[in-house]
Each structure stands twice: as structure tokens, then as C-alpha cells.
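Shown next: run_19.cif, given as mmCIF, C-alpha atoms.
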data_target
loop_
_atom_site.label_atom_id
_atom_site.label_comp_id
_atom_site.auth_asym_id
_atom_site.auth_seq_id
_atom_site.Cartn_x
_atom_site.Cartn_y
_atom_site.Cartn_z
CA MET A 148 -109.34 157.86 243.00
CA THR A 149 -113.07 157.62 242.43
CA SER A 150 -113.27 161.40 242.36
CA LEU A 151 -110.62 161.45 239.63
CA VAL A 152 -112.71 159.08 237.51
CA PHE A 153 -115.72 161.34 237.93
CA PHE A 154 -113.59 164.38 237.15
CA TYR A 155 -112.46 162.85 233.86
CA LEU A 156 -116.05 161.86 233.06
CA ALA A 157 -117.21 165.43 233.63
CA SER A 158 -114.26 166.73 231.59
CA VAL A 159 -115.19 164.51 228.65
CA ILE A 160 -118.79 165.76 228.82
CA ILE A 161 -117.71 169.40 229.06
CA LEU A 162 -115.14 169.31 226.27
CA GLY A 163 -117.32 167.12 224.04
CA GLY A 164 -120.21 169.54 224.44
CA GLY A 165 -117.91 172.47 223.74
CA LEU A 166 -116.54 170.83 220.59
CA THR A 167 -120.10 170.16 219.48
CA VAL A 168 -120.87 173.86 219.86
CA ILE A 169 -117.97 174.98 217.70
CA LEU A 170 -117.88 172.15 215.14
CA SER A 171 -121.49 171.09 214.55
CA SER A 172 -123.17 172.24 211.38
CA ASN A 173 -126.65 171.88 212.86
CA ILE A 174 -127.43 174.65 215.29
CA ILE A 175 -129.87 172.59 217.37
CA TYR A 176 -127.09 170.08 218.02
CA ALA A 177 -124.89 173.00 219.01
CA ALA A 178 -127.50 174.13 221.57
CA LEU A 179 -127.76 170.61 222.99
CA GLY A 180 -123.97 170.39 223.15
CA LEU A 181 -123.96 173.64 225.09
CA MET A 182 -126.50 172.17 227.52
CA ALA A 183 -124.35 169.04 228.02
CA SER A 184 -121.29 171.18 228.60
CA LEU A 185 -123.04 173.35 231.20
CA ILE A 186 -124.40 170.35 233.08
CA GLY A 187 -120.89 168.89 233.06
CA VAL A 188 -119.71 172.07 234.78
CA ALA A 189 -122.38 171.42 237.42
CA GLY A 190 -120.71 168.02 237.94
CA ILE A 191 -117.38 169.80 238.48
CA PHE A 192 -119.08 171.97 241.11
CA ILE A 193 -120.37 168.89 242.94
CA LEU A 194 -116.84 167.41 242.89
CA SER A 195 -115.68 170.70 244.45
CA PHE A 196 -118.05 170.42 247.43
CA ALA A 197 -120.26 173.23 246.11
CA PRO A 198 -123.76 171.73 245.79
CA PHE A 199 -125.41 175.15 245.87
CA LEU A 200 -123.43 176.30 242.85
CA ALA A 201 -124.25 173.05 241.06
CA LEU A 202 -127.95 173.66 241.70
CA VAL A 203 -127.70 177.25 240.47
CA GLN A 204 -125.75 176.08 237.42
CA ILE A 205 -128.40 173.54 236.44
CA LEU A 206 -131.28 175.94 237.14
CA ILE A 207 -129.92 179.03 235.41
CA TYR A 208 -127.60 177.68 232.73
CA GLY A 209 -129.10 174.28 231.99
CA GLY A 210 -132.66 175.53 232.36
CA ALA A 211 -133.03 179.20 231.60
CA ILE A 212 -130.14 180.13 229.34
CA VAL A 213 -130.29 177.15 226.98
CA ILE A 214 -134.07 177.51 226.70
CA VAL A 215 -133.73 181.21 225.91
CA ILE A 216 -131.15 180.39 223.24
CA ILE A 217 -133.45 177.77 221.72
CA PHE A 218 -136.28 180.33 221.73
CA ALA A 219 -134.02 182.74 219.87
CA LEU A 220 -133.28 179.99 217.34
CA MET A 221 -136.98 179.43 216.83
CA LEU A 222 -137.71 183.14 216.42
CA THR A 223 -135.08 183.53 213.74
CA LYS A 224 -135.41 181.56 210.56
CA LEU A 225 -133.83 178.15 210.84
CA GLU A 226 -133.51 177.68 207.10
CA ASP A 227 -130.96 180.47 206.96
CA PHE A 228 -128.41 178.46 208.84
CA ARG A 229 -129.36 174.88 208.15
CA THR A 230 -125.87 174.45 206.82
CA LEU A 231 -123.54 176.60 208.87
CA SER A 232 -120.24 177.60 207.43
CA ASP A 233 -117.34 178.99 209.36
CA HIS A 234 -115.58 182.21 208.66
CA LYS A 235 -113.08 181.93 205.85
CA HIS A 236 -110.27 183.08 208.15
CA TRP A 237 -110.82 180.23 210.59
CA PRO A 238 -107.14 179.13 210.67
CA ILE A 239 -106.28 182.49 212.28
CA ALA A 240 -108.94 181.82 214.94
CA LEU A 241 -107.46 178.35 215.48
CA ILE A 242 -103.96 179.78 215.92
CA ALA A 243 -105.24 182.45 218.32
CA SER A 244 -107.08 179.93 220.48
CA LEU A 245 -104.10 177.52 220.50
CA VAL A 246 -101.78 180.33 221.57
CA THR A 247 -104.23 181.22 224.35
CA LEU A 248 -104.37 177.57 225.43
CA GLY A 249 -100.57 177.35 225.50
CA THR A 250 -100.34 180.52 227.55
CA ILE A 251 -102.91 179.32 230.07
CA ILE A 252 -101.24 175.92 230.50
CA ALA A 253 -97.77 177.47 230.81
CA ALA A 254 -99.12 179.90 233.41
CA ALA A 255 -100.76 177.02 235.26
CA PHE A 256 -97.48 175.11 235.48
CA TYR A 257 -95.12 177.98 236.24
CA THR A 258 -97.16 179.98 238.75
CA PRO A 259 -96.00 179.26 242.30
CA THR A 260 -98.99 178.45 244.43
CA ASN A 261 -99.49 177.64 248.06
CA LEU A 262 -101.80 174.66 247.95
CA VAL A 263 -103.42 172.38 250.46
CA SER A 264 -105.59 169.33 249.93
CA ARG A 265 -109.10 169.66 248.56
CA ARG A 266 -111.73 170.91 251.00
CA GLY A 267 -114.99 172.76 250.66
CA VAL A 268 -116.23 176.05 252.01
CA ASP A 269 -118.92 176.10 254.66
CA PHE A 270 -122.26 177.12 253.23
CA ASP A 271 -122.92 179.43 256.19
CA LYS A 272 -119.63 181.14 255.45
CA ILE A 273 -120.58 181.82 251.82
CA ALA A 274 -123.93 183.28 252.85
CA HIS A 275 -122.27 185.38 255.54
CA GLU A 276 -119.72 186.78 253.10
CA LEU A 277 -122.32 187.38 250.38
CA PHE A 278 -124.68 189.30 252.64
CA SER A 279 -122.18 191.23 254.74
CA GLN A 280 -119.07 192.14 252.80
CA TRP A 281 -120.55 191.76 249.32
CA ALA A 282 -124.03 193.07 250.11
CA ILE A 283 -123.70 196.22 247.97
CA PRO A 284 -122.47 194.35 244.86
CA PHE A 285 -125.33 191.92 245.47
CA GLU A 286 -127.84 194.77 245.36
CA VAL A 287 -126.15 196.21 242.27
CA ALA A 288 -126.48 192.80 240.63
CA SER A 289 -130.23 192.93 241.20
CA LEU A 290 -130.28 196.37 239.55
CA VAL A 291 -128.29 194.97 236.61
CA LEU A 292 -130.88 192.24 236.17
CA LEU A 293 -133.74 194.74 236.35
CA ILE A 294 -132.14 197.04 233.79
CA ALA A 295 -131.36 194.13 231.48
CA LEU A 296 -135.01 193.06 231.72
CA MET A 297 -136.27 196.55 230.89
CA GLY A 298 -133.72 196.99 228.12
CA GLY A 299 -134.65 193.69 226.54
CA VAL A 300 -138.34 194.57 226.56
CA ILE A 301 -137.75 198.02 225.11
CA MET A 302 -135.40 196.75 222.45
CA VAL A 303 -137.65 194.10 220.94
CA ARG A 304 -141.00 195.85 221.32
CA LYS A 305 -142.79 196.99 218.19
CA THR A 306 -142.62 200.73 217.68
CA ASN A 307 -144.13 203.11 215.16
CA SER A 308 -140.92 204.83 214.26
CA ARG A 309 -139.75 204.92 210.68
CA ASP A 310 -136.78 202.62 211.04
CA ASP A 311 -138.97 199.78 212.21
CA LYS A 312 -139.83 197.28 209.50
CA MET B 65 -106.34 162.62 243.55
CA ILE B 66 -107.67 165.70 241.83
CA GLU B 67 -105.21 168.57 241.82
CA LEU B 68 -105.47 172.22 240.93
CA THR B 69 -103.64 171.56 237.65
CA HIS B 70 -106.55 169.41 236.47
CA PHE B 71 -108.95 172.30 236.96
CA GLN B 72 -106.61 174.74 235.25
CA ILE B 73 -106.06 172.57 232.19
CA LEU B 74 -109.77 171.80 231.82
CA SER B 75 -110.50 175.50 232.16
CA GLY B 76 -107.84 176.37 229.58
CA PHE B 77 -109.21 173.90 227.05
CA LEU B 78 -112.77 175.13 227.52
CA PHE B 79 -111.64 178.76 227.22
CA ALA B 80 -109.73 177.98 224.00
CA ILE B 81 -112.77 176.21 222.56
CA GLY B 82 -114.95 179.21 223.38
CA LEU B 83 -112.42 181.62 221.91
CA TYR B 84 -112.29 179.65 218.66
CA GLY B 85 -116.09 179.72 218.53
CA VAL B 86 -116.24 183.47 219.05
CA LEU B 87 -113.65 184.14 216.35
CA ALA B 88 -114.56 181.55 213.73
CA ARG B 89 -118.33 181.09 213.81
CA ARG B 90 -120.46 183.36 211.66
CA ASN B 91 -123.83 182.90 213.34
CA ALA B 92 -124.42 185.46 216.10
CA ILE B 93 -126.26 182.96 218.31
CA LEU B 94 -123.32 180.55 218.09
CA VAL B 95 -120.99 183.38 219.09
CA LEU B 96 -123.21 183.90 222.15
CA MET B 97 -123.01 180.20 223.04
CA SER B 98 -119.23 180.35 222.77
CA ILE B 99 -119.18 183.32 225.15
CA GLU B 100 -121.13 181.22 227.65
CA LEU B 101 -118.48 178.49 227.32
CA MET B 102 -115.74 181.01 228.11
CA LEU B 103 -117.61 182.25 231.19
CA ASN B 104 -117.91 178.66 232.40
CA ALA B 105 -114.18 178.15 231.90
CA VAL B 106 -113.61 181.09 234.22
CA ASN B 107 -115.98 179.56 236.77
CA ILE B 108 -114.09 176.25 236.73
CA ASN B 109 -110.84 178.08 237.41
CA LEU B 110 -112.42 180.05 240.27
CA ILE B 111 -113.85 176.99 242.00
CA GLY B 112 -110.52 175.19 241.61
CA TYR B 113 -108.64 177.95 243.37
CA SER B 114 -111.38 178.24 245.98
CA ILE B 115 -110.99 174.64 247.11
CA PHE B 116 -107.21 174.27 246.84
CA MET B 117 -105.69 177.56 248.00
CA ASN B 118 -104.15 177.80 251.44
CA ALA B 119 -106.14 180.81 252.59
CA SER B 120 -108.66 181.71 255.25
CA GLU B 121 -112.18 180.48 254.76
CA SER B 122 -113.58 183.95 254.13
CA HIS B 123 -111.10 184.40 251.30
CA ARG B 124 -112.03 181.05 249.81
CA ALA B 125 -115.72 181.89 250.07
CA LEU B 126 -114.93 184.82 247.77
CA GLY B 127 -114.49 182.35 244.91
CA HIS B 128 -118.04 181.12 245.37
CA VAL B 129 -119.36 184.68 245.64
CA ILE B 130 -117.67 185.71 242.39
CA ILE B 131 -119.10 182.66 240.64
CA ILE B 132 -122.60 183.71 241.72
CA PHE B 133 -121.97 187.19 240.31
CA VAL B 134 -120.60 185.77 237.05
CA ILE B 135 -123.71 183.62 236.60
CA THR B 136 -125.96 186.63 237.31
CA VAL B 137 -124.18 188.89 234.86
CA ALA B 138 -124.12 186.10 232.25
CA ALA B 139 -127.90 185.80 232.49
CA ALA B 140 -128.38 189.57 232.09
CA GLU B 141 -125.90 189.72 229.23
CA LEU B 142 -127.58 186.85 227.44
CA ALA B 143 -131.03 188.47 227.70
CA LEU B 144 -129.75 191.73 226.22
CA ALA B 145 -127.73 189.98 223.52
CA ILE B 146 -130.74 187.91 222.44
CA ALA B 147 -132.81 191.12 222.30
CA ILE B 148 -130.18 192.76 220.10
CA ILE B 149 -130.02 189.70 217.83
CA LEU B 150 -133.81 189.58 217.42
CA ARG B 151 -133.83 193.30 216.62
CA LEU B 152 -131.08 192.82 214.06
CA TYR B 153 -132.91 189.90 212.52
CA ARG B 154 -136.07 192.00 212.24
CA ASN B 155 -134.25 194.90 210.62
CA LYS B 156 -131.70 193.13 208.42
CA SER B 157 -133.20 189.62 208.06
CA SER B 158 -129.85 188.11 208.86
CA ILE B 159 -127.79 187.24 211.92
CA ASN B 160 -124.65 186.47 209.98
CA THR B 161 -121.87 188.42 211.67
CA ASP B 162 -120.36 189.26 208.29
CA ASP B 163 -123.49 191.21 207.36
CA ILE B 164 -123.47 193.28 210.53
CA ASN B 165 -121.01 196.01 209.65
CA ILE B 166 -122.97 199.24 210.12
CA MET B 167 -120.56 200.37 212.84
CA LYS B 168 -117.51 199.64 210.72
CA TRP B 169 -115.44 202.71 210.08
#

What does the file become when written as C-alpha cells?
Amino acid sequence: MTSLVFFYLASVIILGGGLTVILSSNIIYAALGLMASLIGVAGIFILSFAPFLALVQILIYGGAIVIVIIFALMLTKLEDFRTLSDHKHWPIALIASLVTLGTIIAAAFYTPTNLVSRRGVDFDKIAHELFSQWAIPFEVASLVLLIALMGGVIMVRKTNSRDDK
Amino acid sequence: MIELTHFQILSGFLFAIGLYGVLARRNAILVLMSIELMLNAVNINLIGYSIFMNASESHRALGHVIIIFVITVAAAELALAIAIILRLYRNKSSINTDDINIMKW
């Protein structure tokens, strides 16, 4: 029962942060709402007996990604979007997201599943799987990160070509 | 007690919120944030199935492994997307998604 209370607490933090991202008119508040939402997801990971994933979530999402987004906000001009306005076709977006929500919830209730009570996965087992069966995707992921790093540097570097202003 | 349905409904709500943000917001950085919300919704669903499914432990560890890959790819994607946005801002002085239509047919 205590875990259910913590689950609802984390859910309120996650959904509140998410609503701040999509409804706030101040983009700094939106970034902070994103941070709250991501840390709430780390709480969900702890409730799921996955402390390593919670640590990674806080380090990478709560630390790196939100900070990078705030850097991007500082490098673009804040005055341009001091007052954010939504797209004029936002009711269509609302309908699309509500239809998606209905589909997901219907699928969640009507899919037959073979469930047992909540239990975690051994940390040794995760490491064993990651470095034996999924070793090649793991190496490819490191290549993806390297290429993204190089691509980011090349894309934003100053060049002498004509199209650069 | 927590059940799988709780995870699925939370994940569905977060995914719908992210989808609305992607479709309705006009600032490119806010669209990026909404994409991160959608990726986290997927992670919640994966961890829910990983701890509730009646499967062998190596199969359930797969949920954790996929979450690690999703986080890695999200970090790479975010770095590239921020680079593209900064480049666009330098060239067009705007990151409003309505102004970015050079690839429109």
C-alpha cells in the first residue's frame, strides 16, 4: 500500500511536469517542468526495483539533457519566445492525442497478459545479458554516440562557405 | 498494490501529453522536450512489463537493456537536434516551426 502511495506521488510529479511543458507560456518553466517529469520517472524506476536505471535517468536526463536544453535556450534569443503561442490548429492536436490515449488505454485493458506479482531483475543478470547477447548493439550504440558528437560539432562550427551568415 | 495497468495508464497519459506538445507547440525546443516526454512514456511501459510479466529472468532483463538503449539514443538524438536548431537559428534567426518550411514541396 505504501508503494501505491509513492506511485501516485511520482505520477502526479510526472504528469504535472508534462503538463507544464505543454501548457506553460514561459519556456524556462517548461524546461523545469521537464526536469521534474524526468526525475519522477526515476522514482518510478526505483519503485520497479531498478536502482541502476534510476541513477542513469537522473544522471543523463535530469543532469545532461535538461542542461543541454537550457544551454540551447540561452544560445537562442529568449525575447523571441517570451510569450509562446500555440499553433492555431491546436484542437486537431488535442483530438489526435486524446484518440491516442484512448487507444493505449483500451489496448491496456483488452490485451490478455500472463502476469505475476511485482519482482525485480537481478543486476548481475542485466549485466550478463547486456554484455553477452546484446554486446554488438551495445558497441553500435557507442558508435551512434560518437557519430552524433562529430555531427553536432560539424554542424554548428563556423565555416567560410557562402551560405553561412 | 501496484499493477501493470497503473504503469500502462501513466505511460499512456505521458505519451498523449508528449504527442500534443509535438503537434501543437510552435517552438522547436519545446517540440524536442515533448519528444523526450514520449520516450520516457515508452520507458515506463517497458519497465512495467519487465517487472510484471511471467517470463524467464533473461527475457525480463531485456526490458532493462532496451531502456538503456533508449536513453543512449535519446541523448544522441538530442545533441544532433540541438545542433540543427542552433544552425537554423543562425541562418534564419527563428526557431518557430512555422517558419521552417524550406523542405516543403

Just say which residues the PyMOL selection byres ((chain B) within 6 of (chain A)) picks in this file, as a list of chain:residue names.
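This file, filtered by the PyMOL selection byres ((chain B) within 6 of (chain A)), leaves B:Met65, B:Ile66, B:Gly76, B:Ala80, B:Leu83, B:Tyr84, B:Gly85, B:Leu87, B:Ala88, B:Arg89, B:Arg90, B:Ile115, B:Phe116, B:Met117, B:Asn118, B:Ala125, B:Ala140, B:Leu144, B:Ala147, B:Arg151.
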
Running the PyMOL selection byres ((chain B and resi 110) around 10) on this model by hand, what would come out? Give it as an MDAnalysis selection string.
chainID B and resid 71:72 75 104:109 111:115 124 126:131

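Atom CA of B:Leu103 lies 11.3 Å from atom CA of B:Glu141.
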
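Interatomic distance, atom CA of A:Glu286 against atom CA of B:Ala139: 15.7 Å.
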
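In terms of minimum interatomic distance to A:Ser172, B:Leu94 ranks closest within B:Met167, B:Leu94, B:Val86, B:Ile132, counting all atoms listed in the file.
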
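One finds atom CA of B:Met102 at 10.6 Å from atom CA of B:Ala138.
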